[in-house]
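Visitor: I'm passing along run.txt; it holds compact mmCIF, C-alpha atoms.
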```txt
# COMPACT_ATOMS: atom_id res chain seq x y z
CA MET A 1 6.27 8.93 48.85
CA LYS A 2 7.64 5.44 48.14
CA ILE A 3 4.60 4.60 46.03
CA THR A 4 5.10 7.77 44.00
CA LEU A 5 8.75 6.91 43.36
CA VAL A 6 7.83 3.37 42.28
CA ILE A 7 5.21 4.67 39.84
CA PHE A 8 7.72 7.18 38.46
CA ALA A 9 10.33 4.44 38.02
CA VAL A 10 7.86 2.24 36.15
CA ILE A 11 6.97 5.09 33.80
CA VAL A 12 10.65 5.82 33.09
CA VAL A 13 11.44 2.15 32.40
CA ALA A 14 8.43 1.82 30.11
CA ALA A 15 9.43 4.94 28.21
CA VAL A 16 13.03 3.75 27.79
CA CYS A 17 11.95 0.26 26.68
CA GLY A 18 9.46 1.75 24.27
CA THR A 19 12.08 4.03 22.75
CA VAL A 20 14.59 1.18 22.42
CA GLY A 21 11.91 -1.00 20.86
CA TRP A 22 11.07 1.66 18.30
CA ARG A 23 14.75 2.06 17.43
CA LEU A 24 15.27 -1.68 17.03
CA LEU A 25 12.26 -1.90 14.75
CA ALA A 26 13.30 1.18 12.80
CA ASN A 27 16.80 -0.19 12.26
CA ARG A 28 15.64 -3.65 11.21
CA PRO A 29 16.82 -4.41 7.66
CA SER A 30 13.99 -4.58 5.13
CA GLN A 31 15.88 -6.45 2.39
CA ALA A 32 14.69 -9.86 1.28
CA THR A 33 16.34 -12.89 2.79
CA ILE A 34 14.58 -15.57 0.73
CA PRO A 35 15.07 -16.37 -2.98
CA LEU A 36 12.71 -15.22 -5.70
CA THR A 37 11.60 -18.28 -7.66
CA ALA A 38 8.83 -16.85 -9.87
CA LYS A 39 8.25 -13.61 -11.77
CA PRO A 40 5.44 -12.32 -14.01
CA GLN A 41 5.69 -12.86 -17.74
CA GLY A 42 5.09 -10.10 -20.26
CA LYS A 43 5.23 -6.33 -19.83
CA VAL A 44 4.64 -5.21 -16.24
CA ALA A 45 3.29 -1.98 -14.75
CA ILE A 46 3.07 -1.11 -11.05
CA VAL A 47 0.36 1.54 -10.71
CA TYR A 48 -0.25 2.99 -7.27
CA TYR A 49 -1.46 5.94 -5.25
CA SER A 50 0.30 6.89 -2.00
CA GLN A 51 -0.54 9.84 0.22
CA SER A 52 0.95 9.86 3.70
CA GLN A 53 4.34 11.40 4.40
CA VAL A 54 5.79 8.01 5.35
CA GLN A 55 4.67 6.66 1.95
CA ASN A 56 3.44 3.22 3.03
CA THR A 57 1.99 2.24 -0.34
CA ALA A 58 4.86 3.80 -2.29
CA THR A 59 7.35 1.75 -0.26
CA LEU A 60 5.44 -1.43 -1.07
CA ALA A 61 5.29 -0.48 -4.75
CA ARG A 62 9.07 0.02 -4.86
CA TRP A 63 9.62 -3.36 -3.22
CA ILE A 64 7.41 -4.97 -5.86
CA GLN A 65 9.30 -3.29 -8.70
CA LYS A 66 12.65 -4.33 -7.21
CA HIS A 67 11.70 -8.00 -7.38
CA ALA A 68 9.14 -8.21 -10.20
CA GLY A 69 10.59 -5.59 -12.52
CA GLY A 70 8.35 -3.39 -14.64
CA ASP A 71 7.46 0.30 -14.84
CA LEU A 72 6.61 2.17 -11.64
CA ILE A 73 3.68 4.54 -12.23
CA ALA A 74 2.62 6.88 -9.41
CA LEU A 75 -0.81 8.50 -9.61
CA GLU A 76 -0.50 12.21 -8.73
CA LEU A 77 -3.33 14.61 -7.99
CA VAL A 78 -3.74 18.03 -9.58
CA THR A 79 -4.72 19.28 -6.12
CA PRO A 80 -3.10 17.06 -3.46
CA TYR A 81 -5.03 16.13 -0.38
CA PRO A 82 -4.14 18.29 2.62
CA GLU A 83 -1.83 17.20 5.40
CA PRO A 84 -1.75 16.19 8.24
CA TYR A 85 -3.41 12.82 7.86
CA PRO A 86 -6.69 13.63 9.70
CA ALA A 87 -7.21 16.47 7.21
CA THR A 88 -6.57 13.99 4.39
CA LEU A 89 -9.31 11.69 5.67
CA LYS A 90 -11.78 14.56 5.97
CA ALA A 91 -11.14 15.58 2.37
CA VAL A 92 -11.50 11.96 1.20
CA GLU A 93 -14.76 11.58 3.12
CA ARG A 94 -16.07 14.72 1.44
CA ASP A 95 -15.15 13.37 -2.00
CA LEU A 96 -16.88 10.07 -1.26
CA ASN A 97 -20.03 11.68 0.12
CA GLU A 98 -20.32 14.01 -2.85
CA GLY A 99 -19.41 11.34 -5.43
CA ARG A 100 -16.54 13.49 -6.63
CA LEU A 101 -13.48 12.01 -8.29
CA PRO A 102 -10.16 13.84 -7.80
CA LYS A 103 -8.35 14.92 -10.95
CA LEU A 104 -5.03 13.30 -11.81
CA LYS A 105 -2.14 15.21 -13.37
CA THR A 106 -1.95 12.50 -16.02
CA ILE A 107 -3.96 9.33 -16.56
CA PRO A 108 -1.61 6.58 -17.72
CA ARG A 109 -2.74 4.32 -20.53
CA LEU A 110 -1.82 0.67 -20.23
CA GLU A 111 -2.60 -0.75 -23.67
CA GLY A 112 0.82 -2.37 -24.05
CA TYR A 113 0.99 -4.00 -20.62
CA ASP A 114 0.17 -7.61 -19.74
CA VAL A 115 0.43 -7.61 -15.93
CA VAL A 116 -0.69 -4.69 -13.77
CA PHE A 117 0.13 -4.45 -10.07
CA LEU A 118 -2.49 -2.10 -8.64
CA GLY A 119 -1.94 -0.49 -5.24
CA SER A 120 -3.63 1.86 -2.81
CA PRO A 121 -4.01 2.73 0.85
CA ILE A 122 -7.28 1.58 2.39
CA TRP A 123 -9.54 4.52 3.16
CA TYR A 124 -13.07 4.08 4.47
CA GLY A 125 -13.01 0.37 3.72
CA SER A 126 -11.77 0.42 0.12
CA TYR A 127 -9.20 1.85 -2.26
CA ALA A 128 -8.49 5.58 -2.45
CA PRO A 129 -10.55 7.84 -4.79
CA PRO A 130 -7.55 8.61 -7.06
CA LEU A 131 -7.46 4.93 -7.99
CA GLU A 132 -11.13 5.15 -8.97
CA THR A 133 -10.27 8.06 -11.28
CA PHE A 134 -7.64 5.86 -12.91
CA LEU A 135 -9.96 2.84 -13.21
CA ARG A 136 -12.71 4.87 -14.88
CA ALA A 137 -10.25 5.40 -17.75
CA ASN A 138 -8.65 1.94 -17.60
CA ALA A 139 -10.99 -1.03 -17.22
CA LEU A 140 -7.95 -3.35 -17.60
CA ALA A 141 -9.96 -5.83 -19.67
CA GLY A 142 -7.94 -8.92 -20.55
CA LYS A 143 -5.05 -8.00 -18.28
CA THR A 144 -3.71 -9.84 -15.26
CA VAL A 145 -4.16 -7.68 -12.16
CA ALA A 146 -2.26 -8.20 -8.91
CA PRO A 147 -3.78 -5.96 -6.19
CA PHE A 148 -1.80 -4.68 -3.22
CA CYS A 149 -2.78 -2.37 -0.39
CA THR A 150 -1.65 -0.94 2.93
CA HIS A 151 -3.77 -0.05 5.95
CA GLY A 152 -3.40 1.26 9.50
CA GLY A 153 -4.80 -1.82 11.18
CA SER A 154 -8.39 -1.89 9.95
CA GLY A 155 -7.74 -4.50 7.24
CA GLU A 156 -8.45 -4.44 3.52
CA GLY A 157 -12.25 -4.09 3.73
CA ARG A 158 -13.95 -4.19 0.31
CA PHE A 159 -10.69 -3.58 -1.58
CA VAL A 160 -10.70 -6.70 -3.76
CA ALA A 161 -14.49 -6.87 -4.17
CA ASP A 162 -14.59 -3.26 -5.38
CA LEU A 163 -11.69 -3.86 -7.74
CA ARG A 164 -13.51 -6.82 -9.27
CA LYS A 165 -16.52 -4.59 -9.90
CA ALA A 166 -14.36 -1.86 -11.41
CA CYS A 167 -12.53 -4.19 -13.83
CA PRO A 168 -14.72 -7.27 -14.28
CA GLN A 169 -12.92 -8.46 -17.42
CA ALA A 170 -9.49 -8.55 -15.81
CA ARG A 171 -7.91 -11.68 -14.40
CA MET A 172 -7.63 -10.91 -10.67
CA LEU A 173 -4.85 -12.56 -8.69
CA GLU A 174 -4.41 -12.99 -4.94
CA ARG A 175 -3.99 -9.62 -3.19
CA LEU A 176 -1.18 -8.54 -0.90
CA SER A 177 -2.50 -6.62 2.12
CA LEU A 178 0.06 -5.29 4.63
CA ARG A 179 -0.27 -3.10 7.68
CA GLY A 180 1.52 0.20 7.23
CA SER A 181 1.18 2.70 10.08
CA ASN A 182 -1.60 4.27 12.11
CA GLN A 183 -1.95 7.98 12.85
CA ILE A 184 0.33 7.93 15.89
CA GLU A 185 3.02 6.00 14.00
CA ARG A 186 2.79 8.42 11.09
CA ARG A 187 3.51 11.31 13.43
CA LEU A 188 6.59 9.42 14.58
CA LYS A 189 7.50 8.93 10.89
CA ARG A 190 7.19 5.14 11.16
CA GLY A 191 6.05 3.40 7.99
CA LEU A 192 5.61 0.01 6.37
CA SER A 193 9.07 -1.32 7.24
CA LEU A 194 8.16 -1.13 10.92
CA ARG A 195 6.36 -4.48 10.57
CA HIS A 196 7.26 -5.87 7.16
CA THR A 197 10.22 -6.67 4.95
CA GLU A 198 10.72 -7.43 1.27
CA ASP A 199 10.27 -11.11 2.17
CA ASP A 200 6.52 -10.47 2.26
CA VAL A 201 6.67 -9.35 -1.37
CA VAL A 202 8.94 -12.21 -2.47
CA ASN A 203 6.68 -14.82 -0.84
CA TRP A 204 3.67 -13.25 -2.56
CA LEU A 205 5.34 -13.20 -5.98
CA ASN A 206 6.45 -16.80 -5.60
CA ARG A 207 2.84 -17.83 -4.88
CA LEU A 208 1.34 -15.74 -7.68
CA PHE A 209 3.56 -16.70 -10.55
CA ALA A 210 4.64 -20.26 -9.80
CA GLY A 211 3.79 -22.63 -12.67
CA PRO A 212 1.88 -21.80 -15.89
CA GLN A 213 0.50 -18.26 -16.11
CA ASN A 214 -1.77 -18.70 -19.09
CA ASP A 215 -4.67 -20.58 -17.46
```
Have the structure of the file written as structure tokens, please.
Guide:
Amino acid sequence: MKITLVIFAVIVVAAVCGTVGWRLLANRPSQATIPLTAKPQGKVAIVYYSQSQVQNTATLARWIQKHAGGDLIALELVTPYPEPYPATLKAVERDLNEGRLPKLKTIPRLEGYDVVFLGSPIWYGSYAPPLETFLRANALAGKTVAPFCTHGGSGEGRFVADLRKACPQARMLERLSLRGSNQIERRLKRGLSLRHTEDDVVNWLNRLFAGPQND
């Protein structure tokens, strides 16, 4: 009986600590605390695709726009992937296996832009198929490309390598790869700000655009 009570007490304490921990993380301010010392020159576009309900990649895109400026361009599907997230992954896997590109509501043209921030979640080791649809129409030749991605813990995979193949005539800068949320965290509606703040974006921008940008 005593052993049972001890085990029960441990479970209760763990649950309470876990809940408090989640709340502390959820309430942590995401605003930048360090100064921005460098920004891109020329006309800027932030092009991204974001799928999950917690909008990991969209959150990162908004942080980038807040500090780098530019036009925020979300890629939207004619037929959105199904929710919940496991159903999304099954649909993506089917598209990849069949070599099928999802149709976008509109395909933005970037002729007048100099710097393109290009973002996606990482699915099956690379960027999402909607980004491939966009890149088939926009090779981004001669533009400066700053890639960014979010993932659930598996890392960025072939993200940058595949981008280089898709737009070989673009000037590719250092990528920003941040962990967003895994499937359990998504169900709890926990997103990118669980682990990251805008400081990650500011540090990245300061590294990317410090000094001459015309080399």
Visitor: Tell me which of A:Lys103, A:Arg158, A:Arg164, A:Arg94 sits closest to Ala146 in chain A, counting all atoms listed in the file.
Guide: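 Selected residue with least distance to Ala146 in chain A: A:Arg164.
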Visitor: Just how far from CA of Glu132 in chain A is CA of Tyr113 in chain A, in Å to one decimal?
Guide: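 Here the two named atoms are 19.1 Å from each other.
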Visitor: List the spatial neighbours of range 66-83 of chain A as a ChimeraX atom specification - criterion: any atom at most 9 Å away, all atoms listed in the file, same-chain residues fewer than 6 positions off excluded.
Guide: /A:36,38-40,43-53,58,89,91-92,102-108,130-131,134,198,201-202,205
Visitor: If I take CA of Thr57 in chain A and CA of Thr150 in chain A, how far is one from the other in Å, to one decimal?
Guide: 5.8 Å
Visitor: Point out the residue among A:Ala61, A:Ala210, A:Leu188, A:Ala137 with the least atom-to-atom distance to Leu176 in chain A, counting all atoms listed in the file.
Guide: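 Smallest distance to Leu176 in chain A is found for A:Ala61.
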Visitor: Please, what distance in Å, to one decimal, runs between CA of Gly125 in chain A and CA of Arg100 in chain A?
Guide: 17.1 Å
Visitor: Tell me which protein, DNA and RNA residues are within 12 Å of Leu140 in chain A, counting all atoms listed in the file, leaving out same-chain ones fewer than 4 positions away, and put them as a ChimeraX atom specification.
Guide: /A:45,47,108-118,134-136,144-146,163-172
Visitor: Extending 5 Å beyond the listed atoms of range 175-183 of chain A on each side, what axis-aligned box results? I want centre and edge lengths in Å to one decimal, as lines of an AutoDock Vina configuration file.
Guide:
```
center_x = -1.2
center_y = -0.8
center_z = 4.8
size_x = 15.5
size_y = 27.6
size_z = 26.0
```
Visitor: For Pro121 in chain A, which residue out of A:Leu101, A:Ala32, A:Ala87, A:Leu60 is the nearest one, using all atoms listed in the file?
Guide: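 That would be A:Leu60, the residue with the smallest distance to Pro121 in chain A.
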